[in-house]
Amino acid sequence: MPRLRLLAVSLLTGTTLALVAWRSLPTPLEDVPSSSLFAQNWARGGVVLLVRHMERCDRSTAECLGAADGITARAAALAKSMGESIGRLGLTTTDIYSSPANRTVQTADLMFDRNVARQDWLLTCKDGDLAEQIRQHKDAHRNLVLVTHSECFDLLRENLKVHETDTPEYGSALVLFDESEPKLRIAGEVETDEWLKLVNSHNPS
């Protein structure tokens, strides 16, 4: 009988430790959120979009839009198309910020056809709590669009314990929902063509 009790205790302890270890593992990145769920959260001002800038000209053989530290000329039309699609959801309750780097400035200004406000904290995303900075800049019942760099994607995933090692494509978006618990949740990562469909499917032409 003592041996059986010892075995039972050992099994219970092992199961508990395994459960604790499993819960501490990073959460895998979710798929693209449904268009209806995205639209519902957008309507209530509960969406954060972390958008990577368009194609870097200094890492491409394509023609530059302007200076070499900006984006390529061929990426300009795509940036405008993305911004127009988001605009169809309505921007009256949306705050938009960009990193001050030329490639993000060009991307953001083309997307929204105006001079988007620059934020230095979106330029350097090597360490720190980016999730907390986003919370500080997001007002209640207002969406937040941040045009930034791939390093910010990496840091935010780390902050929110989401496991993803791939570098985001140019123009892709990390979609987050601002919820009561947890306060900020990654709802999915959307490639350029996917998130255009995500927005357009709820607002057909």
# chains A, B, ... in the order shown; residues from 1 in each chain; ligands from 1
$ closest_atom_pairs --of "segment 172-195 of chain A" --to "segment 152-162 of chain A" --cutoff "12 Å" --atoms "only C-alpha atoms" --output "tab-separated table"
residue	atom	partner	partner_atom	distance
A:Ser172	CA	A:Phe153	CA	10.2
A:Ala173	CA	A:Phe153	CA	9.1
A:Leu174	CA	A:Phe153	CA	7.4
A:Val175	CA	A:Phe153	CA	10.7
A:Leu176	CA	A:Leu156	CA	10.5
A:Pro182	CA	A:Leu160	CA	9.9
A:Lys183	CA	A:Leu160	CA	10.5
A:Leu184	CA	A:Leu160	CA	8.3
A:Arg185	CA	A:Leu160	CA	7.6
A:Ile186	CA	A:Leu160	CA	7.9
A:Ala187	CA	A:Val162	CA	10.7
A:Gly188	CA	A:Val162	CA	10.4
A:Glu189	CA	A:Phe153	CA	9.8
$ select_by_dssp --residues "segment 28-78 of chain A" --states "strand (DSSP E or B)" --output "list in words"
Pro28, Val47, Val48, Leu49, Leu50, Val51, Arg52, Arg56, Cys64, Ile71 and Thr72 of chain A
$ write_last_selection --atoms "N, CA and C atoms" --output "mmCIF file, in the first residue's frame"
data_model
loop_
_atom_site.group_PDB
_atom_site.id
_atom_site.type_symbol
_atom_site.label_atom_id
_atom_site.label_comp_id
_atom_site.auth_asym_id
_atom_site.auth_seq_id
_atom_site.Cartn_x
_atom_site.Cartn_y
_atom_site.Cartn_z
ATOM 1 N N PRO A 28 1.554 29.509 -29.832
ATOM 2 C CA PRO A 28 1.767 29.615 -31.275
ATOM 3 C C PRO A 28 0.936 30.747 -31.864
ATOM 4 N N VAL A 47 -8.899 47.617 -32.099
ATOM 5 C CA VAL A 47 -7.887 46.978 -32.944
ATOM 6 C C VAL A 47 -6.578 47.764 -32.913
ATOM 7 N N VAL A 48 -5.477 47.020 -32.851
ATOM 8 C CA VAL A 48 -4.147 47.588 -33.068
ATOM 9 C C VAL A 48 -3.554 46.878 -34.277
ATOM 10 N N LEU A 49 -3.093 47.642 -35.259
ATOM 11 C CA LEU A 49 -2.414 47.078 -36.421
ATOM 12 C C LEU A 49 -0.952 47.497 -36.382
ATOM 13 N N LEU A 50 -0.078 46.517 -36.316
ATOM 14 C CA LEU A 50 1.356 46.772 -36.415
ATOM 15 C C LEU A 50 1.748 46.418 -37.845
ATOM 16 N N VAL A 51 2.046 47.427 -38.647
ATOM 17 C CA VAL A 51 2.285 47.238 -40.077
ATOM 18 C C VAL A 51 3.768 47.402 -40.384
ATOM 19 N N ARG A 52 4.340 46.422 -41.070
ATOM 20 C CA ARG A 52 5.730 46.580 -41.495
ATOM 21 C C ARG A 52 5.772 47.442 -42.755
ATOM 22 N N ARG A 56 12.050 47.699 -48.909
ATOM 23 C CA ARG A 56 13.203 48.589 -48.754
ATOM 24 C C ARG A 56 13.957 48.703 -50.072
ATOM 25 N N CYS A 64 14.028 53.148 -56.872
ATOM 26 C CA CYS A 64 13.628 53.751 -55.604
ATOM 27 C C CYS A 64 12.527 54.784 -55.822
ATOM 28 N N ILE A 71 11.466 53.374 -49.708
ATOM 29 C CA ILE A 71 10.890 52.170 -50.304
ATOM 30 C C ILE A 71 11.037 52.214 -51.823
ATOM 31 N N THR A 72 10.738 51.104 -52.467
ATOM 32 C CA THR A 72 10.822 51.044 -53.921
ATOM 33 C C THR A 72 9.604 51.718 -54.556
#
$ atom_distance --atom1 "atom CA of Asp193 of chain A" --atom2 "atom CA of Asp120 of chain A"
28.5 Å
$ closest_residue --among "A:Ala75, A:Ile134, A:Leu89, A:Val145" --to "Val116 of chain A" --atoms "only C-alpha atoms"
A:Val145
$ atom_distance --atom1 "atom CA of Arg135 of chain A" --atom2 "atom CA of Phe177 of chain A"
11.2 Å
$ select_by_dssp --residues "segment 23-182 of chain A" --states "alpha helix (DSSP H)" --output "ChimeraX atom specification"
/A:23-24,35-43,76-87,102-112,130-137,150-159
$ atom_distance --atom1 "atom CA of Glu132 of chain A" --atom2 "atom CA of Thr93 of chain A"
20.8 Å
$ residues_around --residues "Asp95 of chain A" --least-positions-apart "2" --cutoff "12 Å" --atoms "only C-alpha atoms" --output "PyMOL selection string"
chain A and resi 45-49+90-93+97-98+112+116-118+134+137-147
